[in-house]
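Heads up, target_10.pdb below (PDB, C-alpha atoms and all ligand atoms):
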ATOM      1  CA  MET A   6     -29.431  53.333  -9.998
ATOM      2  CA  LYS A   7     -32.559  55.140 -11.058
ATOM      3  CA  LYS A   8     -33.564  53.712 -14.438
ATOM      4  CA  ILE A   9     -32.576  50.122 -15.034
ATOM      5  CA  LEU A  10     -32.573  47.906 -18.139
ATOM      6  CA  ILE A  11     -32.272  44.133 -17.670
ATOM      7  CA  ILE A  12     -31.120  42.259 -20.754
ATOM      8  CA  GLY A  13     -31.598  38.475 -20.834
ATOM      9  CA  ALA A  14     -34.408  38.969 -18.306
ATOM     10  CA  ALA A  15     -36.340  35.752 -18.973
ATOM     11  CA  GLY A  16     -33.667  33.397 -17.631
ATOM     12  CA  GLN A  17     -33.100  31.874 -14.192
ATOM     13  CA  ILE A  18     -31.732  35.026 -12.520
ATOM     14  CA  GLY A  19     -33.614  37.629 -14.582
ATOM     15  CA  SER A  20     -37.059  36.227 -13.927
ATOM     16  CA  GLU A  21     -36.519  36.821 -10.195
ATOM     17  CA  LEU A  22     -34.407  39.958 -10.512
ATOM     18  CA  ILE A  23     -37.233  41.800 -12.300
ATOM     19  CA  PRO A  24     -39.679  41.770  -9.333
ATOM     20  CA  TYR A  25     -36.792  42.200  -6.864
ATOM     21  CA  LEU A  26     -35.556  45.399  -8.552
ATOM     22  CA  ARG A  27     -39.079  46.694  -9.192
ATOM     23  CA  LYS A  28     -39.855  46.434  -5.498
ATOM     24  CA  ILE A  29     -36.793  48.540  -4.623
ATOM     25  CA  TYR A  30     -36.655  51.046  -7.492
ATOM     26  CA  GLY A  31     -40.297  51.214  -8.635
ATOM     27  CA  ASP A  32     -42.133  49.198 -11.295
ATOM     28  CA  SER A  33     -41.842  51.772 -14.071
ATOM     29  CA  ASN A  34     -38.095  52.290 -13.469
ATOM     30  CA  VAL A  35     -37.088  48.706 -14.302
ATOM     31  CA  VAL A  36     -37.326  47.800 -17.989
ATOM     32  CA  ALA A  37     -37.034  44.070 -18.647
ATOM     33  CA  SER A  38     -36.050  42.683 -22.050
ATOM     34  CA  ASP A  39     -35.350  39.390 -23.767
ATOM     35  CA  LEU A  40     -35.756  37.606 -27.093
ATOM     36  CA  HIS A  41     -39.212  36.356 -26.051
ATOM     37  CA  ASN A  42     -41.863  37.403 -23.566
ATOM     38  CA  ASN A  43     -42.336  33.944 -22.058
ATOM     39  CA  LEU A  44     -42.469  35.139 -18.454
ATOM     40  CA  PRO A  45     -45.454  34.832 -16.091
ATOM     41  CA  CYS A  46     -48.145  37.439 -16.836
ATOM     42  CA  ASN A  47     -47.822  39.070 -13.410
ATOM     43  CA  VAL A  48     -44.106  39.777 -14.103
ATOM     44  CA  LEU A  49     -44.720  40.996 -17.660
ATOM     45  CA  GLU A  50     -47.535  43.275 -16.626
ATOM     46  CA  SER A  51     -45.914  44.769 -13.525
ATOM     47  CA  GLY A  52     -43.709  47.153 -15.568
ATOM     48  CA  PRO A  53     -42.174  47.857 -18.977
ATOM     49  CA  TYR A  54     -41.069  44.855 -21.092
ATOM     50  CA  GLU A  55     -39.304  45.043 -24.457
ATOM     51  CA  ILE A  56     -38.521  42.311 -26.975
ATOM     52  CA  LEU A  57     -34.767  42.689 -27.549
ATOM     53  CA  ASP A  58     -32.066  40.584 -29.156
ATOM     54  CA  ALA A  59     -29.114  41.837 -27.100
ATOM     55  CA  LEU A  60     -26.848  41.382 -30.129
ATOM     56  CA  ASN A  61     -28.803  44.193 -31.778
ATOM     57  CA  GLY A  62     -26.908  47.224 -30.442
ATOM     58  CA  LYS A  63     -29.052  49.710 -32.354
ATOM     59  CA  LYS A  64     -32.265  48.476 -30.745
ATOM     60  CA  MET A  65     -30.599  48.339 -27.307
ATOM     61  CA  GLN A  66     -29.459  51.949 -27.768
ATOM     62  CA  GLU A  67     -32.971  52.987 -28.757
ATOM     63  CA  ILE A  68     -34.443  51.403 -25.610
ATOM     64  CA  VAL A  69     -31.757  53.000 -23.409
ATOM     65  CA  ASP A  70     -32.517  56.413 -24.941
ATOM     66  CA  ARG A  71     -36.323  56.015 -24.783
ATOM     67  CA  TYR A  72     -36.342  55.092 -21.089
ATOM     68  CA  ASP A  73     -33.342  57.246 -20.095
ATOM     69  CA  ILE A  74     -31.539  54.171 -18.701
ATOM     70  CA  ASP A  75     -28.530  54.709 -16.388
ATOM     71  CA  THR A  76     -27.819  51.083 -15.395
ATOM     72  CA  ILE A  77     -27.811  47.854 -17.433
ATOM     73  CA  PHE A  78     -27.993  44.419 -15.793
ATOM     74  CA  ASN A  79     -26.532  42.105 -18.439
ATOM     75  CA  LEU A  80     -27.840  38.598 -17.790
ATOM     76  CA  VAL A  81     -27.383  37.265 -21.310
ATOM     77  CA  ALA A  82     -25.379  34.021 -21.155
ATOM     78  CA  VAL A  83     -24.884  30.654 -22.793
ATOM     79  CA  LEU A  84     -23.847  28.550 -19.794
ATOM     80  CA  SER A  85     -20.923  26.143 -19.443
ATOM     81  CA  ALA A  86     -22.247  22.784 -20.676
ATOM     82  CA  LYS A  87     -24.370  24.261 -23.472
ATOM     83  CA  GLY A  88     -21.432  26.420 -24.550
ATOM     84  CA  GLU A  89     -19.259  23.344 -25.143
ATOM     85  CA  ALA A  90     -21.858  22.063 -27.637
ATOM     86  CA  ASN A  91     -21.579  25.275 -29.697
ATOM     87  CA  PRO A  92     -18.515  27.336 -28.730
ATOM     88  CA  VAL A  93     -18.806  29.845 -31.590
ATOM     89  CA  LEU A  94     -22.379  30.740 -30.715
ATOM     90  CA  ALA A  95     -21.519  30.882 -26.995
ATOM     91  CA  TRP A  96     -18.688  33.331 -27.642
ATOM     92  CA  GLN A  97     -20.798  35.497 -29.968
ATOM     93  CA  ILE A  98     -23.711  35.724 -27.538
ATOM     94  CA  ASN A  99     -21.732  36.081 -24.306
ATOM     95  CA  MET A 100     -19.386  38.730 -25.673
ATOM     96  CA  GLY A 101     -21.771  40.439 -28.126
ATOM     97  CA  ALA A 102     -24.372  41.362 -25.524
ATOM     98  CA  LEU A 103     -21.735  42.628 -23.096
ATOM     99  CA  PHE A 104     -19.958  44.631 -25.753
ATOM    100  CA  ASN A 105     -23.213  46.390 -26.740
ATOM    101  CA  ALA A 106     -24.038  47.130 -23.080
ATOM    102  CA  LEU A 107     -20.569  48.581 -22.436
ATOM    103  CA  GLU A 108     -20.440  50.624 -25.651
ATOM    104  CA  ILE A 109     -23.854  52.165 -24.937
ATOM    105  CA  SER A 110     -22.845  52.899 -21.339
ATOM    106  CA  ARG A 111     -19.687  54.597 -22.597
ATOM    107  CA  GLU A 112     -21.944  57.208 -24.173
ATOM    108  CA  THR A 113     -24.395  57.482 -21.255
ATOM    109  CA  LYS A 114     -21.633  57.328 -18.580
ATOM    110  CA  GLY A 115     -23.831  54.661 -17.002
ATOM    111  CA  ALA A 116     -23.298  51.508 -14.967
ATOM    112  CA  VAL A 117     -23.195  47.865 -16.094
ATOM    113  CA  PHE A 118     -23.622  44.751 -13.935
ATOM    114  CA  THR A 119     -22.331  41.524 -15.486
ATOM    115  CA  PRO A 120     -22.171  38.206 -13.665
ATOM    116  CA  SER A 121     -18.955  36.262 -13.984
ATOM    117  CA  SER A 122     -18.764  32.751 -12.562
ATOM    118  CA  ILE A 123     -16.738  30.066 -10.816
ATOM    119  CA  GLY A 124     -16.403  28.985 -14.461
ATOM    120  CA  ALA A 125     -13.826  31.750 -14.955
ATOM    121  CA  PHE A 126     -11.366  29.526 -13.051
ATOM    122  CA  GLY A 127      -9.629  26.447 -14.418
ATOM    123  CA  PRO A 128      -7.676  23.341 -13.479
ATOM    124  CA  THR A 129      -4.508  25.269 -12.584
ATOM    125  CA  THR A 130      -6.370  27.565 -10.154
ATOM    126  CA  PRO A 131      -5.967  26.683  -6.447
ATOM    127  CA  ALA A 132      -9.124  24.622  -5.828
ATOM    128  CA  ASP A 133      -9.631  25.258  -2.110
ATOM    129  CA  HIS A 134     -10.349  28.742  -0.743
ATOM    130  CA  THR A 135      -9.686  30.036  -4.260
ATOM    131  CA  PRO A 136      -8.297  33.562  -3.789
ATOM    132  CA  GLN A 137      -9.838  36.675  -5.331
ATOM    133  CA  ASP A 138      -6.727  37.318  -7.418
ATOM    134  CA  THR A 139      -5.245  34.111  -8.785
ATOM    135  CA  VAL A 140      -4.530  32.004 -11.870
ATOM    136  CA  MET A 141      -7.431  32.133 -14.362
ATOM    137  CA  ARG A 142      -6.942  29.650 -17.213
ATOM    138  CA  PRO A 143     -10.434  28.168 -17.795
ATOM    139  CA  THR A 144     -10.901  25.252 -20.202
ATOM    140  CA  THR A 145     -14.472  25.976 -21.370
ATOM    141  CA  ILE A 146     -15.589  28.615 -23.859
ATOM    142  CA  TYR A 147     -17.966  29.864 -21.147
ATOM    143  CA  GLY A 148     -15.011  30.386 -18.817
ATOM    144  CA  VAL A 149     -12.918  32.016 -21.536
ATOM    145  CA  SER A 150     -15.774  34.435 -22.266
ATOM    146  CA  LYS A 151     -16.176  35.173 -18.542
ATOM    147  CA  VAL A 152     -12.480  36.031 -18.093
ATOM    148  CA  ALA A 153     -12.648  38.238 -21.206
ATOM    149  CA  ALA A 154     -15.818  39.870 -19.834
ATOM    150  CA  GLU A 155     -14.133  40.615 -16.500
ATOM    151  CA  LEU A 156     -11.180  42.237 -18.284
ATOM    152  CA  LEU A 157     -13.440  44.175 -20.631
ATOM    153  CA  GLY A 158     -15.432  45.528 -17.672
ATOM    154  CA  ASP A 159     -12.254  46.774 -16.002
ATOM    155  CA  TYR A 160     -11.021  48.206 -19.306
ATOM    156  CA  TYR A 161     -14.218  50.206 -19.899
ATOM    157  CA  HIS A 162     -14.033  51.499 -16.353
ATOM    158  CA  LEU A 163     -10.385  52.522 -16.629
ATOM    159  CA  LYS A 164     -10.506  54.040 -20.109
ATOM    160  CA  PHE A 165     -14.038  55.383 -20.390
ATOM    161  CA  GLY A 166     -15.340  55.741 -16.835
ATOM    162  CA  VAL A 167     -18.118  53.153 -17.238
ATOM    163  CA  ASP A 168     -19.221  52.011 -13.774
ATOM    164  CA  ALA A 169     -18.781  48.317 -14.632
ATOM    165  CA  ARG A 170     -19.089  45.877 -11.724
ATOM    166  CA  GLY A 171     -19.576  42.129 -11.437
ATOM    167  CA  LEU A 172     -19.721  39.015  -9.274
ATOM    168  CA  ARG A 173     -18.227  35.579  -9.763
ATOM    169  CA  TYR A 174     -21.391  33.656  -9.025
ATOM    170  CA  PRO A 175     -21.288  30.061  -7.912
ATOM    171  CA  GLY A 176     -24.095  27.654  -8.943
ATOM    172  CA  ILE A 177     -27.400  29.430  -8.273
ATOM    173  CA  ILE A 178     -30.267  27.421  -6.807
ATOM    174  CA  SER A 179     -33.812  28.675  -7.254
ATOM    175  CA  ASN A 180     -37.419  27.564  -7.430
ATOM    176  CA  VAL A 181     -38.947  29.877 -10.034
ATOM    177  CA  THR A 182     -37.198  29.395 -13.404
ATOM    178  CA  LEU A 183     -34.996  26.389 -14.201
ATOM    179  CA  PRO A 184     -31.412  27.088 -15.245
ATOM    180  CA  GLY A 185     -30.512  25.823 -18.705
ATOM    181  CA  GLY A 186     -27.258  24.271 -19.863
ATOM    182  CA  GLY A 187     -25.088  24.725 -16.767
ATOM    183  CA  THR A 188     -22.840  22.275 -14.928
ATOM    184  CA  THR A 189     -24.353  23.138 -11.543
ATOM    185  CA  ASP A 190     -27.967  22.589 -12.752
ATOM    186  CA  TYR A 191     -28.085  19.273 -10.871
ATOM    187  CA  ALA A 192     -28.402  21.135  -7.567
ATOM    188  CA  VAL A 193     -31.718  22.603  -8.753
ATOM    189  CA  GLU A 194     -33.082  19.500 -10.529
ATOM    190  CA  ILE A 195     -32.482  17.325  -7.462
ATOM    191  CA  TYR A 196     -35.175  19.187  -5.473
ATOM    192  CA  TYR A 197     -37.787  18.829  -8.255
ATOM    193  CA  GLU A 198     -37.049  15.087  -8.646
ATOM    194  CA  ALA A 199     -36.999  14.484  -4.896
ATOM    195  CA  ILE A 200     -40.528  15.881  -4.611
ATOM    196  CA  GLN A 201     -41.945  14.400  -7.818
ATOM    197  CA  ASN A 202     -40.244  10.979  -8.056
ATOM    198  CA  LYS A 203     -38.308  10.433  -4.794
ATOM    199  CA  LEU A 204     -35.371   9.475  -7.036
ATOM    200  CA  TYR A 205     -32.634  11.546  -8.666
ATOM    201  CA  LYS A 206     -30.138  10.393 -11.275
ATOM    202  CA  CYS A 207     -27.188  12.639 -10.539
ATOM    203  CA  ASN A 208     -24.837  13.521 -13.392
ATOM    204  CA  LEU A 209     -21.873  14.560 -11.205
ATOM    205  CA  SER A 210     -20.002  12.115  -8.990
ATOM    206  CA  ALA A 211     -19.933  11.934  -5.193
ATOM    207  CA  GLY A 212     -17.097  14.093  -3.912
ATOM    208  CA  THR A 213     -17.572  16.808  -6.566
ATOM    209  CA  TYR A 214     -17.520  19.895  -4.351
ATOM    210  CA  LEU A 215     -18.716  23.163  -5.888
ATOM    211  CA  ASP A 216     -19.662  26.576  -4.517
ATOM    212  CA  MET A 217     -23.393  27.281  -4.494
ATOM    213  CA  MET A 218     -25.796  30.074  -3.492
ATOM    214  CA  TYR A 219     -29.558  30.397  -2.981
ATOM    215  CA  MET A 220     -31.301  32.905  -5.246
ATOM    216  CA  PRO A 221     -32.315  35.426  -2.525
ATOM    217  CA  ASP A 222     -28.631  35.863  -1.648
ATOM    218  CA  ALA A 223     -27.684  36.132  -5.341
ATOM    219  CA  LEU A 224     -30.205  38.926  -5.948
ATOM    220  CA  ARG A 225     -29.226  40.834  -2.823
ATOM    221  CA  ALA A 226     -25.523  40.515  -3.716
ATOM    222  CA  ALA A 227     -26.089  42.088  -7.137
ATOM    223  CA  VAL A 228     -27.918  45.101  -5.691
ATOM    224  CA  GLU A 229     -25.508  45.552  -2.769
ATOM    225  CA  LEU A 230     -22.543  45.534  -5.131
ATOM    226  CA  MET A 231     -24.143  48.028  -7.515
ATOM    227  CA  GLU A 232     -25.047  50.305  -4.591
ATOM    228  CA  ALA A 233     -21.618  49.977  -2.929
ATOM    229  CA  ASP A 234     -19.538  53.104  -2.366
ATOM    230  CA  PRO A 235     -17.121  53.209  -5.335
ATOM    231  CA  LYS A 236     -14.385  54.644  -3.092
ATOM    232  CA  ARG A 237     -14.286  51.353  -1.166
ATOM    233  CA  LEU A 238     -13.967  49.146  -4.278
ATOM    234  CA  VAL A 239     -10.448  47.914  -4.876
ATOM    235  CA  HIS A 240     -11.803  45.241  -7.218
ATOM    236  CA  ARG A 241     -14.678  45.634  -9.653
ATOM    237  CA  ASN A 242     -14.735  42.823 -12.186
ATOM    238  CA  CYS A 243     -15.378  40.560 -10.554
ATOM    239  CA  PHE A 244     -15.818  39.613  -6.890
ATOM    240  CA  ASN A 245     -15.734  36.026  -5.597
ATOM    241  CA  VAL A 246     -19.017  35.445  -3.729
ATOM    242  CA  THR A 247     -20.162  32.201  -2.175
ATOM    243  CA  ALA A 248     -22.665  30.952   0.381
ATOM    244  CA  MET A 249     -21.886  27.230   0.695
ATOM    245  CA  SER A 250     -19.842  24.439  -0.829
ATOM    246  CA  PHE A 251     -21.219  20.894  -1.073
ATOM    247  CA  ASP A 252     -21.037  17.677  -3.084
ATOM    248  CA  PRO A 253     -24.019  15.595  -4.323
ATOM    249  CA  GLU A 254     -23.960  13.385  -1.195
ATOM    250  CA  MET A 255     -24.370  16.407   1.076
ATOM    251  CA  ILE A 256     -27.331  17.927  -0.769
ATOM    252  CA  ALA A 257     -28.997  14.479  -0.984
ATOM    253  CA  ALA A 258     -28.536  14.029   2.773
ATOM    254  CA  SER A 259     -30.050  17.440   3.485
ATOM    255  CA  ILE A 260     -33.120  16.545   1.362
ATOM    256  CA  ARG A 261     -33.407  13.102   3.016
ATOM    257  CA  LYS A 262     -33.954  14.806   6.391
ATOM    258  CA  TYR A 263     -37.339  15.966   5.051
ATOM    259  CA  ILE A 264     -38.048  13.239   2.448
ATOM    260  CA  PRO A 265     -36.563  10.085   4.077
ATOM    261  CA  GLU A 266     -37.478   7.785   1.158
ATOM    262  CA  PHE A 267     -35.474   9.937  -1.331
ATOM    263  CA  ARG A 268     -32.837   7.928  -3.244
ATOM    264  CA  MET A 269     -30.001   9.069  -5.481
ATOM    265  CA  GLU A 270     -28.226   7.110  -8.229
ATOM    266  CA  TYR A 271     -25.186   8.238 -10.189
ATOM    267  CA  HIS A 272     -25.329   8.472 -14.003
ATOM    268  CA  ILE A 273     -22.245  10.539 -14.761
ATOM    269  CA  ASP A 274     -22.239  13.032 -17.621
ATOM    270  CA  HIS A 275     -18.566  13.014 -18.532
ATOM    271  CA  ILE A 276     -18.592  16.434 -20.176
ATOM    272  CA  LYS A 277     -20.152  18.071 -17.102
ATOM    273  CA  GLN A 278     -17.916  16.072 -14.757
ATOM    274  CA  ALA A 279     -14.779  17.293 -16.557
ATOM    275  CA  ILE A 280     -16.028  20.884 -16.333
ATOM    276  CA  ALA A 281     -16.862  20.540 -12.627
ATOM    277  CA  ASN A 282     -13.449  18.985 -11.936
ATOM    278  CA  SER A 283     -11.778  22.056 -13.438
ATOM    279  CA  TRP A 284     -13.654  24.460 -11.127
ATOM    280  CA  PRO A 285     -12.884  25.405  -7.494
ATOM    281  CA  ASN A 286     -14.145  23.336  -4.559
ATOM    282  CA  SER A 287     -14.679  26.507  -2.527
ATOM    283  CA  MET A 288     -13.908  30.180  -3.070
ATOM    284  CA  ASP A 289     -12.531  32.756  -0.673
ATOM    285  CA  ASP A 290     -14.925  35.729  -0.805
ATOM    286  CA  SER A 291     -13.143  37.917   1.755
ATOM    287  CA  SER A 292     -12.612  40.789  -0.733
ATOM    288  CA  ALA A 293     -16.390  41.092  -1.207
ATOM    289  CA  ARG A 294     -16.840  40.980   2.579
ATOM    290  CA  GLU A 295     -14.216  43.689   3.103
ATOM    291  CA  GLU A 296     -15.062  46.015   0.204
ATOM    292  CA  TRP A 297     -18.892  46.037   0.301
ATOM    293  CA  ASP A 298     -19.857  44.008   3.403
ATOM    294  CA  TRP A 299     -21.059  40.889   1.561
ATOM    295  CA  LYS A 300     -22.567  38.235   3.836
ATOM    296  CA  PRO A 301     -24.746  35.295   2.721
ATOM    297  CA  GLU A 302     -27.914  34.464   4.653
ATOM    298  CA  TYR A 303     -28.711  30.945   3.435
ATOM    299  CA  ASN A 304     -26.678  27.806   4.183
ATOM    300  CA  LEU A 305     -27.522  24.344   2.815
ATOM    301  CA  GLU A 306     -30.013  23.516   5.595
ATOM    302  CA  ALA A 307     -31.929  26.810   5.343
ATOM    303  CA  MET A 308     -31.988  26.580   1.545
ATOM    304  CA  THR A 309     -33.300  22.996   1.537
ATOM    305  CA  ILE A 310     -36.138  23.866   3.908
ATOM    306  CA  ASP A 311     -37.182  26.844   1.780
ATOM    307  CA  MET A 312     -36.756  25.047  -1.582
ATOM    308  CA  LEU A 313     -38.872  22.074  -0.497
ATOM    309  CA  GLU A 314     -41.576  24.296   0.969
ATOM    310  CA  LYS A 315     -41.819  26.536  -2.128
ATOM    311  CA  LEU A 316     -41.556  23.718  -4.665
ATOM    312  CA  LYS A 317     -44.219  21.606  -2.965
ATOM    313  CA  ILE A 318     -46.621  24.521  -3.390
ATOM    314  CA  LYS A 319     -45.499  25.207  -6.961
ATOM    315  CA  LEU A 320     -45.600  21.577  -8.109
ATOM    316  CA  GLY A 321     -48.945  21.029  -6.455
ATOM    317  CA  LYS A 322     -50.377  23.709  -8.717
ATOM    318  CA  GLN A 323     -51.418  23.177 -12.331
ATOM    319  CA  GLY A 324     -50.166  25.856 -14.777
ATOM    320  CA  CYS A 325     -48.910  29.214 -13.477
TER     321      CYS A 325
HETATM  322  C1  LIG B 401     -22.919  26.841 -14.960
HETATM  323  O1  LIG B 401     -22.951  25.771 -14.345
HETATM  324  O2  LIG B 401     -22.521  26.972 -16.132
HETATM  325  C2  LIG B 401     -23.359  28.093 -14.234
HETATM  326  C3  LIG B 401     -22.215  28.737 -13.540
HETATM  327  C4  LIG B 401     -21.655  28.156 -12.315
HETATM  328  O3  LIG B 401     -21.752  29.737 -13.987
HETATM  329  N1  LIG B 401     -24.390  27.773 -13.296
END
Have the structure of the file written as structure tokens, please.
Amino acid sequence: MKKILIIGAAGQIGSELIPYLRKIYGDSNVVASDLHNNLPCNVLESGPYEILDALNGKKMQEIVDRYDIDTIFNLVAVLSAKGEANPVLAWQINMGALFNALEISRETKGAVFTPSSIGAFGPTTPADHTPQDTVMRPTTIYGVSKVAAELLGDYYHLKFGVDARGLRYPGIISNVTLPGGGTTDYAVEIYYEAIQNKLYKCNLSAGTYLDMMYMPDALRAAVELMEADPKRLVHRNCFNVTAMSFDPEMIAASIRKYIPEFRMEYHIDHIKQAIANSWPNSMDDSSAREEWDWKPEYNLEAMTIDMLEKLKIKLGKQGC
């Protein structure tokens, strides 16, 4: 990877991936793009930024040509819960952006990173230690688009030599940009509410186990996969990766160690609960460990300590 374009850069992952990639590959070699430029000034000004609707293939092509891009990180996504509210739009956005990225990379013979998700699995998938290769019959439009995206990535690799690679991310927890419209968002919100109000109204029930990962591991995983020796990759689209699996009671207990007065109530969101019930409790990520040496660094305890420390500073500040 020498010249990188991030599409959908203003979201939860993109806003942290921009500085992460710029530190490794150089500020001017990482072009960030999104519909709006509503990122902190220090991120916007640290390197090139382009306003881009990723459904506009012509404009994407022009940016790729102008900056001589060889790798696209496609972070455009309508997440699981939001997707159920507007399935047509979710399909158009999730597939349209990917299709443009792959078509352009077919010409450039470039590489494309696309995150898949635990959402690519469904109720008939084995829920515990979900294998890398298994039944994939998701029941959300988000999941359907993720399975299609995985297949499309493999297809473009097989037929056209595009270096398409991806990860099945679990819920990502971070302290910079809030996620929007996902089923796992509760595991981010809980930290903000614990600090600000000492009370969290959780929309998933006790006993709902889901895979999760702290942002520093998610960023490192993306780069390590894209830098992995292609000769070692048996799989490409996409690898199971996980760092921890917990339910709401466990994350609340880990927060209570540092904020003893923190309380949690349950106000179930039935749409999100049904989605969460259809997803794995815990994935087996041994293929990622074997094929490109994946290893997470943060468990629940280490993540809670870091989240609370960073958020207390952030929430103590006014503005950015
Ligand atoms: C969601 O909840 O939709 C996402 C995901 C797990 O892909 N965070």
Selection near region 280-287 of chain A, 6 Å with only C-alpha atoms, sequence-local residues under 2 positions removed, as a PyMOL selection string: chain A and resi 126-128+132-134+214-216+250+277-278
Selection within 8 Å of ligand LIG 401 (chain B) by only C-alpha atoms and all ligand atoms, output as a PyMOL selection string: chain A and resi 83-86+121-124+147+174-177+184+186-190
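One finds CA of Asp39 (chain A) at 14.4 Å from CA of Gln66 (chain A).
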Target residues per the PyMOL selection byres (((chain A and resi 223) around 9) and not hetatm), formatted as JSON, numbers by chain: {"A": [18, 174, 177, 218, 219, 220, 221, 222, 224, 225, 226, 227, 228, 246, 301]}
Contact residues around region 161-169 of chain A with only C-alpha atoms at 9 Å, ignoring same-chain residues under 4 positions, as a list in words: Thr76, Leu107, Glu108, Ser110, Arg111, Glu112, Thr113, Lys114, Gly115, Ala116, Val117, Phe118, Thr119, Leu156, Leu157, Met231, Pro235, Arg241 and Asn242 of chain A
Answer as a ChimeraX atom specification, residues within 12 Å of (-13.1, 36.3, -18.6) using only C-alpha atoms: /A:96,99-100,103,119-127,140-159,171-173,242-243
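Proximity to Met65 (chain A) was assessed for A:Pro92, A:Gly13, A:Gly19, A:Pro24 counting all atoms listed in the file; the smallest distance is recorded for A:Gly13.
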Find the residues near Ile29 (chain A): any atom within 12 Å, counting all atoms listed in the file, skip ones fewer than 5 places away on the same chain, and give them as a CSV table (one decimal) with C-alpha atoms, in the frame of the given file.
chain,number,residue,atom,x,y,z
A,6,MET,CA,-29.4,53.3,-10.0
A,7,LYS,CA,-32.6,55.1,-11.1
A,8,LYS,CA,-33.6,53.7,-14.4
A,9,ILE,CA,-32.6,50.1,-15.0
A,22,LEU,CA,-34.4,40.0,-10.5
A,23,ILE,CA,-37.2,41.8,-12.3
A,24,PRO,CA,-39.7,41.8,-9.3
A,34,ASN,CA,-38.1,52.3,-13.5
A,35,VAL,CA,-37.1,48.7,-14.3
A,224,LEU,CA,-30.2,38.9,-5.9
A,225,ARG,CA,-29.2,40.8,-2.8
A,228,VAL,CA,-27.9,45.1,-5.7
A,229,GLU,CA,-25.5,45.6,-2.8
A,232,GLU,CA,-25.0,50.3,-4.6
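For the set A:Gly52, A:Asp298, A:Met255, A:Leu230, the residue with the smallest atom-to-atom gap to Tyr30 (chain A) is A:Gly52, counting all atoms listed in the file.
Using all atoms listed in the file, the smallest distance between any of A:Tyr271, A:Ser259, A:Ile11, A:Lys28 and Glu306 (chain A) comes from A:Ser259.
Picture a line from CA of Phe244 (chain A) to CA of Leu94 (chain A); it runs 26.3 Å.
Of the residues listed (A:Val36, A:Ala102, A:Ile318, A:Ile178), A:Val36 shows the shortest atom-to-atom separation from Ser51 (chain A); distances use only C-alpha atoms.
With CA of Gly31 (chain A) on one side and CA of Pro53 (chain A) on the other, the separation reads 11.0 Å.
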